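Have a look at coords24.tsv; it's TSV, C-alpha atoms:
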chain	number	residue	atom	x	y	z
A	1	MET	CA	16.66	21.50	-1.10
A	2	THR	CA	20.33	20.84	-1.65
A	3	ASN	CA	22.26	18.51	0.62
A	4	GLU	CA	23.77	21.48	2.46
A	5	GLU	CA	20.35	23.01	3.12
A	6	LEU	CA	19.01	19.65	4.23
A	7	LYS	CA	21.92	19.29	6.59
A	8	THR	CA	21.27	22.66	8.21
A	9	LYS	CA	17.57	21.95	8.51
A	10	ILE	CA	18.07	18.49	9.99
A	11	THR	CA	20.67	19.74	12.48
A	12	GLU	CA	17.98	22.13	13.71
A	13	LEU	CA	15.47	19.31	14.10
A	14	LEU	CA	17.83	16.80	15.64
A	15	PRO	CA	21.10	18.24	16.99
A	16	ALA	CA	22.33	14.75	17.94
A	17	ALA	CA	22.39	13.58	14.30
A	18	THR	CA	25.74	13.04	12.61
A	19	PHE	CA	26.37	13.13	8.88
A	20	GLU	CA	28.36	11.18	6.32
A	21	GLU	CA	29.55	13.11	3.31
A	22	GLY	CA	30.75	12.04	-0.07
A	23	GLY	CA	27.76	10.17	-1.44
A	24	GLU	CA	25.13	11.43	-3.81
A	25	TRP	CA	22.59	11.68	-1.00
A	26	LEU	CA	22.96	12.98	2.51
A	27	ASN	CA	23.56	10.17	5.00
A	28	ILE	CA	22.27	10.79	8.50
A	29	ASN	CA	23.23	8.67	11.49
A	30	ILE	CA	20.80	8.70	14.38
A	31	GLU	CA	20.17	6.89	17.63
A	32	PRO	CA	17.38	4.28	17.39
A	33	ALA	CA	15.55	5.98	20.27
A	34	ASP	CA	15.24	9.22	18.25
A	35	TRP	CA	13.87	7.53	15.16
A	36	LEU	CA	10.11	7.73	15.71
A	37	SER	CA	9.91	11.43	16.50
A	38	PHE	CA	12.51	12.22	13.83
A	39	ALA	CA	10.57	10.24	11.23
A	40	ARG	CA	7.39	12.17	12.07
A	41	GLN	CA	9.24	15.44	11.59
A	42	LEU	CA	10.72	14.31	8.29
A	43	ARG	CA	7.30	13.34	7.02
A	44	ASN	CA	5.31	16.31	8.33
A	45	ASP	CA	7.70	19.25	8.15
A	46	SER	CA	6.41	21.41	5.29
A	47	SER	CA	9.86	22.20	3.92
A	48	LEU	CA	11.12	18.59	4.05
A	49	TYR	CA	7.97	16.62	3.18
A	50	PHE	CA	9.53	13.16	2.82
A	51	ASP	CA	6.37	11.34	1.76
A	52	TYR	CA	7.99	8.45	-0.03
A	53	LEU	CA	9.98	5.69	1.71
A	54	PHE	CA	11.52	3.94	-1.26
A	55	CYS	CA	13.89	1.56	0.45
A	56	LEU	CA	14.00	0.03	3.89
A	57	THR	CA	16.70	-2.47	4.64
A	58	CYS	CA	19.19	-3.70	7.20
A	59	ILE	CA	22.89	-4.53	7.09
A	60	ASP	CA	24.61	-7.10	9.26
A	61	TRP	CA	28.13	-5.87	10.08
A	62	LYS	CA	28.81	-8.91	12.30
A	63	THR	CA	29.45	-6.54	15.24
A	64	HIS	CA	26.18	-4.67	14.98
A	65	LEU	CA	23.19	-4.19	12.70
A	66	THR	CA	22.36	-1.01	10.80
A	67	MET	CA	18.84	-0.10	9.76
A	68	VAL	CA	18.83	1.91	6.52
A	69	TYR	CA	15.91	4.05	5.36
A	70	HIS	CA	15.94	5.79	1.99
A	71	LEU	CA	13.50	8.67	1.89
A	72	SER	CA	12.37	10.82	-0.97
A	73	SER	CA	10.00	13.73	-1.42
A	74	THR	CA	7.74	13.59	-4.45
A	75	LYS	CA	7.11	17.31	-4.02
A	76	TYR	CA	10.65	18.71	-3.65
A	77	ARG	CA	12.58	15.83	-5.23
A	78	HIS	CA	15.22	15.61	-2.53
A	79	ASN	CA	16.47	12.36	-1.03
A	80	ILE	CA	18.13	11.36	2.20
A	81	VAL	CA	19.39	8.17	3.80
A	82	VAL	CA	18.78	7.62	7.50
A	83	LYS	CA	20.86	5.03	9.35
A	84	ALA	CA	20.46	3.72	12.86
A	85	LYS	CA	22.90	1.40	14.59
A	86	LEU	CA	21.30	-1.48	16.48
A	87	ASP	CA	22.59	-3.93	19.04
A	88	ARG	CA	23.10	-7.27	17.33
A	89	ASN	CA	21.93	-9.32	20.31
A	90	LYS	CA	18.79	-7.36	20.97
A	91	PRO	CA	17.94	-5.31	17.86
A	92	GLU	CA	14.95	-3.07	18.47
A	93	ILE	CA	13.60	0.01	16.76
A	94	GLU	CA	10.23	1.73	16.58
A	95	THR	CA	8.05	0.90	13.59
A	96	VAL	CA	7.24	3.62	11.07
A	97	SER	CA	4.50	1.66	9.32
A	98	HIS	CA	1.86	4.18	10.38
A	99	ILE	CA	3.90	7.01	8.83
A	100	TRP	CA	4.79	5.30	5.55
A	101	ARG	CA	2.48	2.35	4.93
A	102	THR	CA	5.01	0.60	2.75
A	103	ALA	CA	7.12	0.03	5.86
A	104	ASP	CA	4.54	-2.49	7.07
A	105	PHE	CA	5.70	-5.27	4.70
A	106	HIS	CA	9.31	-4.18	4.53
A	107	GLU	CA	9.66	-4.26	8.29
A	108	ARG	CA	8.17	-7.73	8.34
A	109	GLU	CA	10.81	-8.79	5.84
A	110	VAL	CA	13.63	-7.28	7.89
A	111	TYR	CA	12.11	-8.90	10.98
A	112	GLU	CA	12.32	-12.39	9.52
A	113	MET	CA	15.58	-11.94	7.61
A	114	PHE	CA	17.59	-10.10	10.29
A	115	GLY	CA	15.58	-10.61	13.46
A	116	VAL	CA	15.02	-6.92	14.11
A	117	ASN	CA	12.14	-6.37	16.49
A	118	PHE	CA	9.95	-3.48	15.35
A	119	LEU	CA	8.25	-2.05	18.41
A	120	ASN	CA	4.52	-1.37	18.09
A	121	HIS	CA	4.29	-2.93	14.64
A	122	PRO	CA	0.63	-3.83	14.01
A	123	ASP	CA	1.26	-7.23	12.45
A	124	LEU	CA	4.81	-8.48	12.97
A	125	ARG	CA	4.87	-12.02	11.57
A	126	LEU	CA	6.78	-13.89	8.88
A	127	LEU	CA	6.27	-12.63	5.34
A	128	ILE	CA	8.25	-14.86	2.98
A	129	LEU	CA	9.58	-17.67	5.16
A	130	PRO	CA	7.36	-20.71	5.65
A	131	ASP	CA	5.33	-21.50	8.76
A	132	GLY	CA	7.26	-22.82	11.71
A	133	TRP	CA	10.51	-21.10	10.81
A	134	GLU	CA	11.93	-20.16	14.18
A	135	GLY	CA	14.98	-18.43	15.44
A	136	LYS	CA	17.25	-18.41	12.41
A	137	ASN	CA	17.56	-15.24	10.37
A	138	PRO	CA	18.72	-16.05	6.84
A	139	LEU	CA	20.36	-12.75	5.98
A	140	ARG	CA	22.53	-12.66	9.08
A	141	LYS	CA	26.11	-13.28	8.01
A	142	ASP	CA	26.52	-16.26	10.34
A	143	PHE	CA	23.45	-18.09	8.99
A	144	GLU	CA	24.19	-21.64	7.92
A	145	ASP	CA	21.85	-24.04	6.12
A	146	PRO	CA	23.84	-26.99	4.81
A	147	VAL	CA	20.76	-28.66	3.31
A	148	ASN	CA	19.19	-25.91	1.24
A	149	MET	CA	22.08	-23.57	0.67
A	150	ILE	CA	24.64	-23.99	-2.06
A	151	LYS	CA	28.00	-22.52	-1.14
A	152	LEU	CA	29.19	-20.38	-4.01
B	1	MET	CA	3.84	-16.73	11.24
B	2	TYR	CA	1.07	-16.94	8.68
B	3	ARG	CA	-2.37	-16.70	10.05
B	4	GLN	CA	-4.07	-20.00	9.42
B	5	THR	CA	-6.94	-19.53	7.06
B	6	GLU	CA	-10.06	-20.79	8.72
B	7	ILE	CA	-11.42	-23.91	7.14
B	8	VAL	CA	-15.10	-24.34	7.80
B	9	SER	CA	-15.88	-28.02	8.16
B	10	ASP	CA	-19.62	-27.56	8.49
B	11	VAL	CA	-21.02	-25.98	5.33
B	12	THR	CA	-24.20	-24.90	7.12
B	13	GLN	CA	-22.05	-22.59	9.24
B	14	LEU	CA	-21.22	-20.44	6.22
B	15	PRO	CA	-23.08	-17.17	5.90
B	16	PRO	CA	-25.72	-17.27	3.17
B	17	LEU	CA	-24.61	-16.28	-0.30
B	18	GLY	CA	-26.62	-13.52	-1.93
B	19	GLY	CA	-30.19	-13.04	-0.76
B	20	GLY	CA	-29.35	-9.71	0.87
B	21	GLY	CA	-27.20	-11.17	3.63
B	22	ALA	CA	-23.57	-10.32	4.13
B	23	GLY	CA	-22.42	-13.37	2.20
B	24	TYR	CA	-18.66	-13.18	2.26
B	25	PHE	CA	-16.90	-15.78	0.26
B	26	THR	CA	-13.30	-16.89	0.74
B	27	ILE	CA	-11.38	-18.30	-2.18
B	28	ASN	CA	-7.81	-19.38	-2.61
B	29	VAL	CA	-6.06	-18.26	-5.78
B	30	GLY	CA	-2.82	-20.00	-6.44
B	31	PRO	CA	-0.06	-20.88	-5.73
B	32	GLN	CA	-0.44	-22.45	-9.16
B	33	HIS	CA	-2.97	-20.52	-11.18
B	34	PRO	CA	-2.94	-19.20	-14.76
B	35	ALA	CA	-3.86	-15.72	-13.58
B	36	THR	CA	-1.15	-15.33	-10.97
B	37	HIS	CA	1.62	-15.21	-13.62
B	38	GLY	CA	4.11	-16.76	-11.26
B	39	VAL	CA	3.74	-18.58	-8.01
B	40	LEU	CA	1.67	-16.54	-5.61
B	41	HIS	CA	-0.97	-17.63	-3.17
B	42	LEU	CA	-3.79	-15.23	-2.36
B	43	VAL	CA	-6.50	-15.80	0.19
B	44	ILE	CA	-9.28	-13.52	-1.00
B	45	THR	CA	-12.46	-12.64	0.85
B	46	LEU	CA	-15.12	-11.53	-1.57
B	47	ASN	CA	-18.43	-9.83	-1.33
B	48	GLY	CA	-19.90	-10.47	-4.75
B	49	GLU	CA	-17.15	-9.28	-7.07
B	50	THR	CA	-15.66	-6.82	-4.59
B	51	ILE	CA	-12.58	-7.84	-2.67
B	52	ILE	CA	-13.10	-7.23	1.05
B	53	ASN	CA	-9.79	-8.60	2.24
B	54	ILE	CA	-6.74	-10.07	0.59
B	55	GLU	CA	-3.92	-11.95	2.24
B	56	PRO	CA	-0.91	-12.67	0.07
B	57	HIS	CA	1.33	-15.64	0.85
B	58	LEU	CA	4.66	-14.92	-0.75
B	59	GLY	CA	8.00	-16.58	-1.06
B	60	TYR	CA	7.25	-19.57	-3.27
B	61	ILE	CA	9.80	-18.52	-5.85
B	62	HIS	CA	12.13	-16.61	-3.59
B	63	ARG	CA	15.61	-17.48	-4.79
B	64	SER	CA	17.58	-15.85	-1.99
B	65	ILE	CA	19.31	-13.55	-4.41
B	66	GLU	CA	20.43	-11.35	-1.51
B	67	LYS	CA	22.15	-14.30	0.13
B	68	MET	CA	23.72	-15.41	-3.13
B	69	CYS	CA	25.29	-12.05	-3.84
B	70	GLU	CA	27.03	-12.07	-0.48
B	71	SER	CA	29.56	-14.44	-2.02
B	72	LEU	CA	29.54	-13.33	-5.67
B	73	THR	CA	31.70	-10.64	-7.22
B	74	TYR	CA	30.01	-7.63	-8.82
B	75	ARG	CA	30.79	-8.97	-12.24
B	76	GLN	CA	29.25	-12.34	-11.44
B	77	PHE	CA	26.24	-10.77	-9.86
B	78	ILE	CA	25.17	-9.31	-13.23
B	79	TYR	CA	23.96	-12.76	-14.25
B	80	VAL	CA	21.67	-12.92	-11.26
B	81	THR	CA	20.16	-9.50	-11.92
B	82	SER	CA	19.05	-10.66	-15.38
B	83	ARG	CA	16.78	-13.11	-13.62
B	84	MET	CA	15.20	-10.68	-11.19
B	85	ASP	CA	12.74	-9.47	-13.78
B	86	TYR	CA	13.35	-11.61	-16.80
B	87	LEU	CA	11.18	-9.36	-18.96
B	88	SER	CA	13.54	-6.46	-18.51
B	89	ALA	CA	16.93	-8.05	-17.99
B	90	HIS	CA	18.80	-5.12	-19.52
B	91	ILE	CA	17.25	-2.67	-17.12
B	92	ASN	CA	18.20	-4.74	-14.09
B	93	ASN	CA	21.73	-5.25	-15.43
B	94	HIS	CA	21.89	-1.52	-15.97
B	95	ALA	CA	20.80	-0.69	-12.43
B	96	CYS	CA	23.34	-3.08	-10.95
B	97	ALA	CA	26.15	-1.85	-13.18
B	98	LEU	CA	25.31	1.79	-12.40
B	99	CYS	CA	25.36	1.04	-8.72
B	100	VAL	CA	28.85	-0.44	-8.90
B	101	GLU	CA	30.09	2.38	-11.14
B	102	LYS	CA	28.67	5.03	-8.84
B	103	GLY	CA	30.29	3.41	-5.83
B	104	MET	CA	33.65	3.12	-7.54
B	105	GLN	CA	33.29	6.50	-9.26
B	106	ILE	CA	33.88	5.14	-12.74
B	107	GLU	CA	32.71	7.04	-15.78
B	108	ILE	CA	31.90	4.80	-18.71
B	109	PRO	CA	32.41	5.69	-22.40
B	110	ALA	CA	29.69	7.81	-24.03
B	111	ARG	CA	29.04	5.15	-26.67
B	112	ALA	CA	28.36	2.55	-24.02
B	113	GLN	CA	25.99	4.92	-22.27
B	114	VAL	CA	24.02	5.41	-25.48
B	115	ILE	CA	23.96	1.68	-26.21
B	116	ARG	CA	22.65	1.04	-22.73
B	117	VAL	CA	19.79	3.49	-23.09
B	118	LEU	CA	18.85	2.08	-26.51
B	119	MET	CA	18.77	-1.43	-25.09
B	120	ASP	CA	16.75	-0.33	-22.08
B	121	GLU	CA	14.16	1.33	-24.25
B	122	LEU	CA	13.80	-1.66	-26.54
B	123	THR	CA	13.47	-3.90	-23.50
B	124	ARG	CA	10.83	-1.64	-22.07
B	125	ILE	CA	8.77	-1.88	-25.24
B	126	ALA	CA	9.18	-5.67	-25.29
B	127	SER	CA	8.17	-5.89	-21.65
B	128	HIS	CA	5.06	-3.80	-22.20
B	129	GLU	CA	4.14	-5.96	-25.18
B	130	LEU	CA	3.93	-8.95	-22.92
B	131	TRP	CA	2.08	-7.01	-20.27
B	132	TRP	CA	-0.77	-5.75	-22.42
B	133	GLY	CA	-0.97	-8.98	-24.40
B	134	ALA	CA	-1.36	-11.03	-21.25
B	135	MET	CA	-3.67	-8.45	-19.70
B	136	ALA	CA	-6.05	-8.73	-22.64
B	137	MET	CA	-5.84	-12.50	-22.43
B	138	ASP	CA	-6.70	-12.45	-18.74
B	139	VAL	CA	-9.95	-10.66	-19.47
B	140	GLY	CA	-10.80	-13.09	-22.23
B	141	ALA	CA	-9.37	-11.72	-25.50
B	142	PHE	CA	-6.88	-14.06	-27.07
B	143	THR	CA	-5.93	-12.35	-30.35
B	144	PRO	CA	-4.11	-9.32	-28.87
B	145	PHE	CA	-1.61	-11.68	-27.30
B	146	PHE	CA	-0.39	-12.77	-30.73
B	147	HIS	CA	-0.16	-9.21	-31.98
B	148	ALA	CA	1.85	-8.24	-28.91
B	149	PHE	CA	4.13	-11.21	-29.31
B	150	ARG	CA	4.81	-10.51	-32.96
B	151	GLU	CA	6.43	-7.21	-31.91
B	152	ARG	CA	8.06	-8.71	-28.86
B	153	GLU	CA	9.68	-11.44	-30.93
B	154	THR	CA	11.06	-8.86	-33.36
B	155	ILE	CA	12.78	-7.10	-30.47
B	156	ASN	CA	14.03	-10.39	-29.10
B	157	ASP	CA	15.57	-11.19	-32.49
B	158	ILE	CA	17.41	-7.87	-32.43
B	159	MET	CA	18.63	-8.61	-28.93
B	160	GLU	CA	19.72	-12.09	-29.88
B	161	GLU	CA	21.93	-10.74	-32.64
B	162	THR	CA	23.76	-8.41	-30.31
B	163	CYS	CA	23.78	-10.26	-26.99
B	164	GLY	CA	23.29	-13.87	-28.00
B	165	ALA	CA	20.33	-14.20	-25.67
B	166	ARG	CA	16.65	-13.54	-25.96
B	167	LEU	CA	15.64	-13.26	-22.33
B	168	THR	CA	18.48	-13.07	-19.81
B	169	MET	CA	20.88	-10.86	-21.70
B	170	ASN	CA	23.73	-10.19	-19.23
B	171	TYR	CA	24.88	-7.56	-21.68
B	172	MET	CA	25.59	-4.59	-19.46
B	173	VAL	CA	28.48	-4.98	-17.10
B	174	PRO	CA	30.16	-2.63	-14.63
B	175	GLY	CA	32.31	-0.43	-16.85
B	176	GLY	CA	30.17	-0.51	-19.99
B	177	VAL	CA	28.71	-3.23	-22.17
B	178	MET	CA	30.07	-6.67	-23.08
B	179	HIS	CA	30.87	-5.81	-26.70
B	180	ASP	CA	29.78	-3.53	-29.49
B	181	LEU	CA	26.42	-3.68	-31.25
B	182	HIS	CA	25.86	-6.08	-34.10
B	183	PRO	CA	26.34	-4.39	-37.52
B	184	ASN	CA	22.69	-5.07	-38.37
B	185	PHE	CA	21.41	-3.39	-35.23
B	186	GLN	CA	20.65	0.03	-36.64
B	187	LYS	CA	18.94	-1.28	-39.75
B	188	ARG	CA	16.77	-3.72	-37.84
B	189	VAL	CA	15.76	-1.25	-35.15
B	190	LYS	CA	14.71	1.24	-37.82
B	191	SER	CA	12.61	-1.32	-39.63
B	192	PHE	CA	11.11	-2.45	-36.32
B	193	LEU	CA	10.13	1.11	-35.46
B	194	GLU	CA	8.42	1.50	-38.83
B	195	LEU	CA	6.51	-1.72	-38.30
B	196	TYR	CA	5.58	-0.71	-34.78
B	197	LYS	CA	4.34	2.75	-35.73
B	198	SER	CA	2.19	1.32	-38.48
B	199	LYS	CA	0.56	-1.12	-36.03
B	200	VAL	CA	-0.01	0.91	-32.89
B	201	HIS	CA	-3.44	2.13	-34.01
B	202	GLU	CA	-4.49	-1.49	-34.43
B	203	TYR	CA	-3.82	-2.20	-30.78
B	204	ASP	CA	-5.93	0.75	-29.83
B	205	GLU	CA	-8.80	-0.50	-32.00
B	206	LEU	CA	-8.44	-4.01	-30.70
B	207	VAL	CA	-7.80	-3.45	-27.01
B	208	THR	CA	-7.79	-0.01	-25.43
B	209	GLY	CA	-10.49	1.36	-27.73
B	210	ASN	CA	-12.59	-1.73	-27.35
B	211	ILE	CA	-15.80	-1.09	-25.41
B	212	ILE	CA	-15.81	-4.55	-23.84
B	213	PHE	CA	-12.27	-4.13	-22.58
B	214	GLN	CA	-13.06	-0.65	-21.31
B	215	ASN	CA	-16.16	-1.77	-19.44
B	216	ARG	CA	-14.18	-4.59	-17.91
B	217	MET	CA	-11.31	-2.39	-16.77
B	218	LYS	CA	-12.69	1.05	-15.88
B	219	GLY	CA	-12.92	1.69	-12.16
B	220	VAL	CA	-11.26	-1.61	-11.28
B	221	GLY	CA	-8.41	-1.48	-8.79
B	222	VAL	CA	-8.32	2.29	-8.52
B	223	ILE	CA	-5.54	3.55	-6.25
B	224	SER	CA	-5.47	7.16	-5.15
B	225	ALA	CA	-2.34	9.23	-5.66
B	226	GLU	CA	-1.82	9.47	-1.93
B	227	ASP	CA	-2.12	5.72	-1.39
B	228	GLY	CA	0.17	5.09	-4.30
B	229	ILE	CA	2.98	7.12	-2.79
B	230	ARG	CA	2.36	5.94	0.76
B	231	ASN	CA	2.51	2.32	-0.34
B	232	SER	CA	5.39	3.19	-2.67
B	233	ARG	CA	3.77	1.76	-5.74
B	234	ARG	CA	6.02	3.67	-8.02
B	235	PHE	CA	5.03	1.87	-11.17
B	236	ILE	CA	1.34	2.51	-10.69
B	237	CYS	CA	1.99	6.10	-9.78
B	238	LYS	CA	3.80	6.53	-13.04
B	239	ILE	CA	0.98	5.11	-15.11
B	240	TYR	CA	-1.71	7.22	-13.57
B	241	GLY	CA	0.46	10.30	-13.17
B	242	ALA	CA	-0.19	10.44	-9.47
B	243	ALA	CA	1.32	13.35	-7.62
B	244	GLU	CA	0.66	16.56	-5.88
B	245	GLY	CA	2.21	19.78	-7.07
B	246	ASP	CA	3.71	20.34	-10.49
B	247	GLU	CA	7.25	20.03	-9.17
B	248	SER	CA	6.70	16.33	-8.67
B	249	ILE	CA	8.77	13.62	-10.28
B	250	TYR	CA	5.58	12.24	-11.78
B	251	SER	CA	4.42	15.39	-13.53
B	252	HIS	CA	6.11	14.27	-16.70
B	253	TYR	CA	4.01	11.15	-16.78
B	254	ARG	CA	0.89	13.13	-16.17
B	255	THR	CA	1.48	15.29	-19.22
B	256	VAL	CA	2.16	12.20	-21.28
B	257	ASN	CA	-1.10	10.65	-20.22

Before anything else, please render the file you have as structure tokens.
Amino acid sequence: MTNEELKTKITELLPAATFEEGGEWLNINIEPADWLSFARQLRNDSSLYFDYLFCLTCIDWKTHLTMVYHLSSTKYRHNIVVKAKLDRNKPEIETVSHIWRTADFHEREVYEMFGVNFLNHPDLRLLILPDGWEGKNPLRKDFEDPVNMIKL
Amino acid sequence: MYRQTEIVSDVTQLPPLGGGGAGYFTINVGPQHPATHGVLHLVITLNGETIINIEPHLGYIHRSIEKMCESLTYRQFIYVTSRMDYLSAHINNHACALCVEKGMQIEIPARAQVIRVLMDELTRIASHELWWGAMAMDVGAFTPFFHAFRERETINDIMEETCGARLTMNYMVPGGVMHDLHPNFQKRVKSFLELYKSKVHEYDELVTGNIIFQNRMKGVGVISAEDGIRNSRRFICKIYGAAEGDESIYSHYRTVN
């Protein structure tokens, strides 16, 4: 499907979604509360069939956090980017690890690096950081570590 | 938090090994181990030679590249991307440069585009040389490693002439490449290709056609197409041509294989 067709289809599925134009792929902004049901539709709808989550990351904008999901369909070869704005003080979003298994590890990484709480995640614990690392999230923009970090 | 691996202080508490019982065996591989090719700690539960459970402990060589690039310019960041996968520095440089160019909507000269692809392809061959050489060595064959490295070194020499580096090239930059190819480039690549074509059948005789290697590898670590996509193991999917439907992005690889 082309971006225009995707846009029409997704507006049908989720009227509350807003779009960003100009990029190579269609950017879709959604509310975190809509994410789980929307993700199921993206994965299971026969004309969308987004079976491949190839990037899951988070951005710290200092005022809020944004979860970013890059989805691709190995069958139709179309891609989209889904973004959800989270509250920086209490970032929470539903896990999608049961829809795309790769999200399991990636969500753990976002959890430790940005402190996003993935609701209903089966195994939400530190992935890369060592044992006993509490509270600080290294990829937040205000993270400071004068001992181990070299200021560039 | 990592789950603490249980350490059994009383050996008699361990389930019996062999003898028909469910004798699971837990071993630690790494962090320093010749077969991990890097620093990786795996807690593996085995039943005979079959892995029942595997728990990876990562992060030993995490260099916080994401944090570093928060304060680097795009041009400076190229040097970091060379080190992400030091076997295919060009390809990582290329990806980073493309990303910047796409964002800034810059079109680079056609010659630079061609040079980039040539470099990527040579890097890919060099990277695969190391992969299959080391793979054969891991299952006990030492000679293939030297054959693989003979070719790999030839490519590295070509790279060195043009970029001045053999491993972390930093050759592709946003906007094109650092400078033009070395005058010898064409001649040397052509002679390399001749050498390579004349040797490929030897690798097949020595490694992939070898019955010992085949017996050791067949049926080991099989991943279904569905699992491959769900776990986003793109590289593996490519090798085995995993996909459903001919429209797939992997169908090309399937016809190749």

Write out as number ranges by chain every residue belonging to chain A that has an atom at most 9 Å from any atom of chain B, counting all atoms listed in the file. A: 23-24, 51-54, 73-77, 99-103, 124-133, 138-139, 141, 150-152

Residues around (18.5, -0.4, 10.9), cut-off 8 Å, counting all atoms listed in the file - what are they as a CSV table (one decimal) with C-alpha atoms, in the coordinates of the input?
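What ended up in selection-v2.csv:
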chain,number,residue,atom,x,y,z
A,57,THR,CA,16.7,-2.5,4.6
A,58,CYS,CA,19.2,-3.7,7.2
A,59,ILE,CA,22.9,-4.5,7.1
A,65,LEU,CA,23.2,-4.2,12.7
A,66,THR,CA,22.4,-1.0,10.8
A,67,MET,CA,18.8,-0.1,9.8
A,68,VAL,CA,18.8,1.9,6.5
A,69,TYR,CA,15.9,4.0,5.4
A,83,LYS,CA,20.9,5.0,9.4
A,84,ALA,CA,20.5,3.7,12.9
A,85,LYS,CA,22.9,1.4,14.6
A,86,LEU,CA,21.3,-1.5,16.5
A,93,ILE,CA,13.6,0.0,16.8

Residue neighbourhood Phe185 (chain B), 8 Å, all atoms listed in the file, exclusion window fewer than 4 positions, as JSON, numbers by chain: {"B": [158, 161, 162, 181, 189]}

Same residues, C-alpha atoms, saved as a compact mmCIF listing (two decimals), in the coordinates of the input:
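Final output, saved to out04.txt:
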# COMPACT_ATOMS: atom_id res chain seq x y z
CA ILE B 158 17.41 -7.87 -32.43
CA GLU B 161 21.93 -10.74 -32.64
CA THR B 162 23.76 -8.41 -30.31
CA LEU B 181 26.42 -3.68 -31.25
CA VAL B 189 15.76 -1.25 -35.15

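If you look at CA of Asp180 (chain B) and CA of Asp120 (chain B), they are 15.3 Å away from each other.
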
If we count all atoms listed in the file and set the cut-off at 7 Å, which residues sit around Glu112 (chain A), ignoring sequence neighbours fewer than 3 positions away in its own chain? Please answer as a ChimeraX atom specification. /A:108-109,115,126,137

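Using all atoms listed in the file, the nearest neighbour of Ala110 (chain B) within the list B:Ile212, B:Val177, B:Leu40, B:Val139 is B:Val177.
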
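Relative to CA of Arg75 (chain B), CA of Leu98 (chain B) is found at 12.1 Å.
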
Taking 3 positions as the minimum chain separation for residues in the same chain, which residues sit within 12 Å of Phe149 (chain B) when counting only C-alpha atoms? Answer as JSON, numbers by chain. {"B": [125, 126, 127, 128, 129, 130, 131, 132, 133, 134, 142, 143, 144, 145, 146, 152, 153, 154, 155, 156, 157, 196]}

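Here CA of Gly48 (chain B) stands at a distance of 7.9 Å from CA of Phe25 (chain B).
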
Would you place a box with edges along x, y and z of the file around all atoms of region 76-81 of chain A listed there, add 4 Å to each of its six sides, and report the centre and edge lengths in Å to one decimal, as lines of an AutoDock Vina configuration file?
center_x = 15.0
center_y = 13.4
center_z = -0.7
size_x = 16.7
size_y = 18.5
size_z = 17.0

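Shortest separation to Ser191 (chain B) among B:Asn93, B:Val207, B:Glu151, B:Gly38 occurs at residue B:Glu151, atoms counted being all atoms listed in the file.
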
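Nearest to Ala89 (chain B) of all the residues B:Glu121, B:Glu55, B:Glu202, B:Glu49 is B:Glu121, counting all atoms listed in the file.
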
Determine, counting all atoms listed in the file, which protein, DNA and RNA residues have an atom within 9 Å of an atom of Ile65 (chain B); residues of the same chain fewer than 6 positions away are not included. Present the result as a PyMOL selection string. chain B and resi 80-81+84
